[in-house]
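Take a look at the structure below.
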Amino acid sequence: MPQDLLVVRHNGVAMTAAWFLAVYAIYVMTLVVRRLRASDREVGLGWWIGGALTVGTGIWAQGFISVLSRQLPIQVGYLPAVVLAAWLPAVVICAVLIWSVGKVHQPVLLRAASGVLGGLGFCFLTYLNVSAMVLQPAVVWDFGLLAVAFLAILVGCFGASVMLRRELLREAQLARQVPVALLLGSAVHLAQVLMLESAGVVTGTVCLSADQLSGANLEWLVAIIGGVLLMGVQLCTVLDTRLRQRHTELETSLKQARTDLAVAAHRDRLTGLLNRPGFERHLRELLRELDASGEAPAGRLAVMRINLDGFRALANTYGHDLGDQLLRQVAQRLLVLVRGSDAPARGDGEEFLLLVQGMPDQHAVAQLAYRIGLAVAQPCVINGEDVTITCSIGIALYPDSVTVEQLIGHANEAMLAASKAGGGVYCLHEPGMDISGARQVEMQRDLRYALQRGELTLNFQPKLDATQGGLVGVEALLRWTHPVRGPVSPAEFIPVAERFGLIGELGQWVLNEACRHMRLWLDAGLEIPVAVNLSAHQLREHDLEIRIREALARHALPADMLVLEITESVAMDDIEASLKVFDILDRIGVKLSIDDFGTGHSSLSYLRRLPARQLKIDRSFVRDLDHSPDAQAIVEAVVRLSHALGMTVVAEGVETEAQRQVLVKLACDELQGYLLGRPMAEADLRTWMRSQNVRLAPIHLVPA
């Protein structure tokens with residue numbers, strides 16, 4: 001570049017105004033980008049176009065002010081057409097930058113291209129502003145400074161792009177927006193200053209456009225126009241942000257109101273529980289999820305209908321306020337008993353509903369119903385008075401009932417059966433119960449009375465030593481003699497007791513009665529261990545240990561006189577729970593026996609962990625011993641396995657001499673069956689021992 005150039009003076013105030021306008025324009029651009037991203041397609045298009053026009057105008061004004069801040073020692077003027085033409089590239093540059101920055105997840109190559117295009121646009125904008133002065137001779141350009149200016153604008157665009165993208169992903173804050181505007185605005189202004197410095201004017205140059213656009217305060221006019229436009233856009237963005245925040249708040253409030261209404265529509269006002277529609281909705285959604293997954297639920301799913309017996313008469317007598325308080329207390333007791341995954345609800349009137357899931361088995365469901373019945377039956381203190389009420393509970397199980405209507409309907413049928421049985425019990429729904437239900441209800445009622453009227457007795461079937469023939473113990477078997485029907489088979493009344501929740505009471509009666517007989521025999525000098533069958537219901541009782549210890553203490557019995565028999569299928573149904581119960585029983589000191597071995601699906605690893613001392617071979621294997629080599633091989637394997645695990649082996653169902661001989665040959669320890677002795681009453685047992693000359697096996701005598 002020649003050395004004889006005109007000396008250029010700089011107007012510091014105008015340069016500062018240009019820099020401020022550049023920073024302000026970029027700041028407004030960040031606000032526009034946020035509005036663009038927060039709007040839908042049509043509104044966003046309006047923000048893009050409007051933002052490009054106003055921010056572009058601000059950049060155009062800033063560029064023209066930068067040119068005006070350079071004061072030459074000659075009279076100059078600017079062609080209006082060229083000055084106005086420079087407005088278009090400024091708008092295009094801003095449109096490209098707004099669009100590029102607004103796309104947060106844009107490819108890197110496309111972002112780089114946008115930055116290069118923006119840098120070239122700023123250079124072209126400065127070139128047009130300089131060209132608005134028609135000089136003779138023409139401006140002499142320093143291409144080195146031009147390259148530095150282009151590099152400066154590229155670095156500014158890159159840094160501002162990274163900062164702005166990070167800022168856009170977070171909530172808008174002035175402390176993060178200002179640095180972006182300062183960086184990019186300062187880069188734009190610096191690049192323009194460098195490009196203007198690269199434009200040299202030779203000494204003796206004449207401005208041919210001196211009579212065109214000029215004036216002492218022209219830069220302030222342009223600055224004011226650009227600033228006012230930018231402030232107008234900023235005000236629009238602020239108003240739009242507030243309107244959108246208000247709109248969002250209203251939408252949130254509306255959604256919350258709808259949610260509250262939906263919750264209220266599915267909640268019972270009195271108890272705070274789900275109401276009937278809410279319960280059915282929850283149940284339907286759960287069943288839909290199970291159908292969609294195609295997998296069986298983890299554990300058993302059940303629906304209970306809980307009806308308060310005699311509630312209406314109570315409310316009519318003492319007032320509905322008392323009835324409401326009673327319902328609230330029952331609801332609170334339900335909430336205490338159930339888990340977070342369960343869904344208690346208030347049904348119609350005096351009825352409650354309960355959805356339980358993830359229960360280990362049917363017996364666990366029955367145990368929960370039993371505990372609910374006990375909790376409801378506890379006195380409620382209302383207005384200083386004790387109010388006592390019972391409940392009838394109907395239970396329907398999935399997938400025996402598969403739809404919402406079936407589960408609720410079948411639970412209702414079972415609940416009605418429990419109510420007809422006198423109330424205060426639970427009842428499990430069974431297929432066809434509407435046909436046989438009346439007879440079962442009647443039998444259940446009679447069975448409850450049988451406990452009170454002493455119609456139940458125990459029979460004892462002897463177990464003999466296989467080689468010596470001595471009596472090693474007896475098995476206690478429950479018998480019921482109905483005053484009208486006569487003897488009722490256990491195959492009939494035991495399932496009824498299980499369905500209507502009486503099995504636990506029956507099991508406790510058998511346990512106490514067996515202990516009473518052992519005490520009588522010990523007092524007579526006879527040490528005869530008694531085996532008692534433990535039902536699945538009893539196995540799940542939380543107070544089983546207490547019940548057994550109390551029974552033994554009540555009759556002053558050593559624990560090892562009592563043998564508890566648990567069927568293999570029950571023990572293996574929930575093996576981890578069974579192991580815990582077995583360990584508890586083993587600590588008491590009672591003997592544990594695995595009954596009906598071979599009918600379940602035992603795992604040897606689990607069988608080894610069970611603290612059982614005895615194993616009973618199921619009668620189905622014994623039946624075929626005298627003619628089936630396969631049955632003999634199975635029994636021999638069971639005997640060897642049991643002895644290896646330190647357990648004695650009992651074969652039940654021995655009915656022929658041939659079976660007895662095979663069992664003795666296979667080293668079976670104890671035998672039980674009709675060949676050796678039928679189940680008999682206590683007095684008949686003593687007579688049988690005398691008539692058969694049966695002596696006690698050589699076991700230790702324990703003093704009372």
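In the structure tokens, chains take letters A, B, ... by order of appearance, with residues numbered from 1 within each chain and ligands from 1 in the order shown.
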
Non-local contacts of stretch 523-531 of chain A (8 Å; only C-alpha atoms; under 3 positions in same chain excluded) as a ChimeraX atom specification: /A:471-476,514,518-520,560-565,696,701-702,704

Residues as selected, C-alpha atoms, written as a short mmCIF file (atom, residue, chain, number, x, y, z; two decimals), in the first residue's frame, can you do that?
```cif
data_model
loop_
_atom_site.label_atom_id
_atom_site.label_comp_id
_atom_site.auth_asym_id
_atom_site.auth_seq_id
_atom_site.Cartn_x
_atom_site.Cartn_y
_atom_site.Cartn_z
CA LEU A 471 -45.37 -98.50 68.22
CA VAL A 472 -43.29 -95.43 67.38
CA GLY A 473 -46.13 -92.91 67.24
CA VAL A 474 -49.55 -92.07 65.85
CA GLU A 475 -50.97 -89.61 63.35
CA ALA A 476 -53.87 -87.45 64.54
CA ALA A 514 -53.35 -83.75 70.22
CA MET A 518 -50.18 -86.85 74.75
CA ARG A 519 -50.37 -85.43 78.28
CA LEU A 520 -52.94 -88.07 79.26
CA ASP A 560 -39.90 -83.52 70.55
CA MET A 561 -43.12 -85.41 71.34
CA LEU A 562 -44.90 -83.34 68.68
CA VAL A 563 -44.40 -84.16 64.99
CA LEU A 564 -45.61 -81.57 62.47
CA GLU A 565 -46.32 -82.93 59.00
CA LEU A 696 -43.88 -99.18 72.56
CA LEU A 701 -39.47 -91.74 78.36
CA VAL A 702 -39.86 -88.07 79.27
CA ALA A 704 -44.31 -84.90 82.83
#
```

What's the 8 Å shell around stretch 410-422 of chain A, counting only C-alpha atoms, without same-chain residues fewer than 6 positions away, as a CSV table (one decimal) with N, CA and C atoms, in the first residue's frame?
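File written: selection_33.csv
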```csv
chain,number,residue,atom,x,y,z
A,303,VAL,N,-59.0,-59.9,44.1
A,303,VAL,CA,-59.9,-58.8,44.4
A,303,VAL,C,-60.8,-59.3,45.6
A,304,MET,N,-60.9,-58.4,46.6
A,304,MET,CA,-61.7,-58.7,47.8
A,304,MET,C,-62.9,-57.7,47.8
A,305,ARG,N,-64.1,-58.2,48.2
A,305,ARG,CA,-65.2,-57.3,48.6
A,305,ARG,C,-65.5,-57.5,50.0
A,306,ILE,N,-65.4,-56.5,50.8
A,306,ILE,CA,-65.5,-56.5,52.2
A,306,ILE,C,-66.8,-55.8,52.6
A,307,ASN,N,-67.8,-56.5,53.2
A,307,ASN,CA,-69.1,-56.0,53.6
A,307,ASN,C,-69.2,-56.0,55.1
A,309,ASP,N,-71.0,-56.3,58.3
A,309,ASP,CA,-72.2,-57.0,58.7
A,309,ASP,C,-73.0,-56.2,59.6
A,392,SER,N,-67.9,-59.6,56.2
A,392,SER,CA,-67.9,-60.7,55.4
A,392,SER,C,-67.1,-60.4,54.1
A,393,ILE,N,-66.1,-61.3,53.8
A,393,ILE,CA,-65.2,-61.0,52.8
A,393,ILE,C,-65.3,-62.0,51.7
A,394,GLY,N,-65.4,-61.6,50.5
A,394,GLY,CA,-65.4,-62.4,49.3
A,394,GLY,C,-64.2,-62.2,48.5
A,395,ILE,N,-63.6,-63.3,48.0
A,395,ILE,CA,-62.3,-63.2,47.3
A,395,ILE,C,-62.4,-63.9,45.9
A,396,ALA,N,-62.0,-63.2,44.9
A,396,ALA,CA,-61.8,-63.7,43.6
A,396,ALA,C,-60.4,-63.6,43.1
A,401,SER,N,-60.6,-65.7,37.5
A,401,SER,CA,-61.5,-64.7,36.9
A,401,SER,C,-60.6,-63.7,36.2
A,428,LEU,N,-63.6,-67.9,49.5
A,428,LEU,CA,-62.9,-67.9,48.2
A,428,LEU,C,-63.9,-68.3,47.2
A,429,HIS,N,-63.9,-67.6,46.1
A,429,HIS,CA,-64.8,-68.0,44.9
A,429,HIS,C,-64.2,-69.2,44.2
A,434,ASP,N,-72.0,-71.2,42.5
A,434,ASP,CA,-73.4,-70.8,42.6
A,434,ASP,C,-74.3,-72.0,42.6
A,437,GLY,N,-73.0,-73.7,46.1
A,437,GLY,CA,-72.8,-72.7,47.2
A,437,GLY,C,-73.7,-72.9,48.4
A,438,ALA,N,-75.0,-73.1,48.1
A,438,ALA,CA,-75.9,-73.2,49.3
A,438,ALA,C,-75.6,-74.3,50.2
A,441,VAL,N,-72.4,-73.3,52.1
A,441,VAL,CA,-72.7,-72.4,53.1
A,441,VAL,C,-73.3,-73.0,54.4
A,442,GLU,N,-74.2,-73.9,54.1
A,442,GLU,CA,-74.9,-74.6,55.2
A,442,GLU,C,-73.8,-75.5,56.0
A,444,GLN,N,-70.6,-74.9,56.2
A,444,GLN,CA,-69.7,-74.0,56.9
A,444,GLN,C,-70.3,-73.6,58.2
A,445,ARG,N,-71.6,-73.3,58.1
A,445,ARG,CA,-72.3,-72.8,59.3
A,445,ARG,C,-72.3,-74.0,60.4
A,500,PHE,N,-63.8,-70.9,53.6
A,500,PHE,CA,-64.5,-69.9,54.5
A,500,PHE,C,-63.6,-69.5,55.7
```

Selection: 8 Å around stretch 88-94 of chain A, only C-alpha atoms, excl. self and same-chain fewer than 2 positions, as a PyMOL selection string: chain A and resi 51-57+59-60+84-86+96-98+117-118+121-122+124-125

Separation of atom CA of A:Ala345 from atom CA of A:Ala265 in Å: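 Result for atom CA of A:Ala265 versus atom CA of A:Ala345: 13.0 Å, one decimal.
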
Residue with smallest distance to A:Gln62 - pool A:Met443, A:Val201, A:Ala14, A:Val654, counting only C-alpha atoms: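 Of A:Met443, A:Val201, A:Ala14, A:Val654, the one nearest A:Gln62, counting only C-alpha atoms, is A:Ala14.
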
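With only C-alpha atoms as the basis for measurement, A:Trp87 is the residue among A:Trp87, A:Trp509, A:Trp48, A:Tyr27 that approaches A:Thr126 most closely.
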
Atom-to-atom span, atom CA of A:Arg37 and atom CA of A:Ile49, Å: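 It comes out at 13.6 Å.
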